[in-house]
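The structure appears right after this line, and notes come after that.
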Amino acid sequence: MFTSVIAVENELSKCIRNYTDDRYSLLELLRFLGKHPYTRFSRAAIVLALKNQGVFVERGLRYLVENGIVTQEIENQIKLYSLTSIENVQNWALELVKLDWCQWQSVLRQITYID
């Protein structure tokens, strides 16, 4: 488990290194999508589920779509978002979900030092 925590932290640091907005919200978004890897959500559903400000979800989704971590589909004129089906990206997002509270706090502390 320890090596997988390190691998997840390395992948996350690569993912969020260039993200200049609210990194905590981005991680919460990734964790949420990792809990539901095969489900498509509207932006409104994600905002309600995360109890987050819509602007942070919108920016985070745009960033994740641009980086190929999240896919966007349009159905009945509604944008739907889901975790990508690319296996290695999906695997580290799923590993993020498996982190316990202490490990999650470690990840959050480490993103504070990413610049």
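Residues in the structure tokens are numbered from 1 in each chain, the chains being A, B, ... in the order shown, and ligands are numbered from 1 in the order shown.
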Strand (DSSP E or B) per DSSP on the backbone: members of chain A, as a ChimeraX atom specification:
/A:41-42,70-75,78-83
Atoms kept (C-alpha atoms) for selection, written as a PDB file, in the first residue's frame:
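The new file out22.pdb reads:
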```
ATOM      1  CA  PHE A  41     -22.705  13.477 -14.148  1.00  0.00           C
ATOM      2  CA  SER A  42     -23.947  16.915 -15.095  1.00  0.00           C
ATOM      3  CA  VAL A  70     -12.223  13.524 -17.576  1.00  0.00           C
ATOM      4  CA  THR A  71     -14.352  13.022 -20.667  1.00  0.00           C
ATOM      5  CA  GLN A  72     -17.187  15.309 -21.672  1.00  0.00           C
ATOM      6  CA  GLU A  73     -20.215  14.193 -23.650  1.00  0.00           C
ATOM      7  CA  ILE A  74     -23.303  16.117 -24.639  1.00  0.00           C
ATOM      8  CA  GLU A  75     -26.665  14.410 -24.364  1.00  0.00           C
ATOM      9  CA  ILE A  78     -26.562  18.762 -21.337  1.00  0.00           C
ATOM     10  CA  LYS A  79     -22.832  18.346 -20.773  1.00  0.00           C
ATOM     11  CA  LEU A  80     -22.054  15.122 -18.935  1.00  0.00           C
ATOM     12  CA  TYR A  81     -18.706  14.404 -17.308  1.00  0.00           C
ATOM     13  CA  SER A  82     -17.088  11.126 -16.325  1.00  0.00           C
ATOM     14  CA  LEU A  83     -13.677   9.768 -15.487  1.00  0.00           C
TER      15      LEU A  83
END
```
Write out as JSON, numbers by chain which residues come within 12 Å of Phe56 (chain A) when counting only C-alpha atoms, dropping same-chain ones fewer than 3 positions away.
{"A": [19, 20, 21, 22, 23, 24, 25, 26, 27, 28, 29, 43, 46, 47, 50, 51, 52, 53, 59, 60, 61, 62, 63]}
DSSP on the backbone, then: every residue of region 36-84 of chain A marked helix (DSSP H, G or I), written as a list in words.
Arg43, Ala44, Ala45, Ile46, Val47, Leu48, Ala49, Leu50, Gly54, Val55, Phe56, Val57, Glu58, Arg59, Gly60, Leu61, Arg62, Tyr63, Leu64, Val65 and Glu66 of chain A
Using only C-alpha atoms: which of A:Lys14, A:Val89, A:Gly54, A:Thr84 has the shortest distance to Thr39 (chain A)
A:Thr84
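Distances here use only C-alpha atoms; by that measure, the residue among A:Gly68, A:Arg109, A:Arg31, A:Pro37 closest to Gln90 (chain A) is A:Pro37.
Between Cys15 (chain A) and the candidates A:Val55, A:Ser85, A:Leu48, A:Asn67, the tightest atom-to-atom separation, counting only C-alpha atoms, involves A:Asn67.
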For Gly34 (chain A), which of A:Gln110, A:Gln105, A:Asn91, A:Gln77 is the closest residue, counting only C-alpha atoms?
A:Asn91
A straight line from CA of Leu96 (chain A) to CA of Ile69 (chain A) spans 13.5 Å
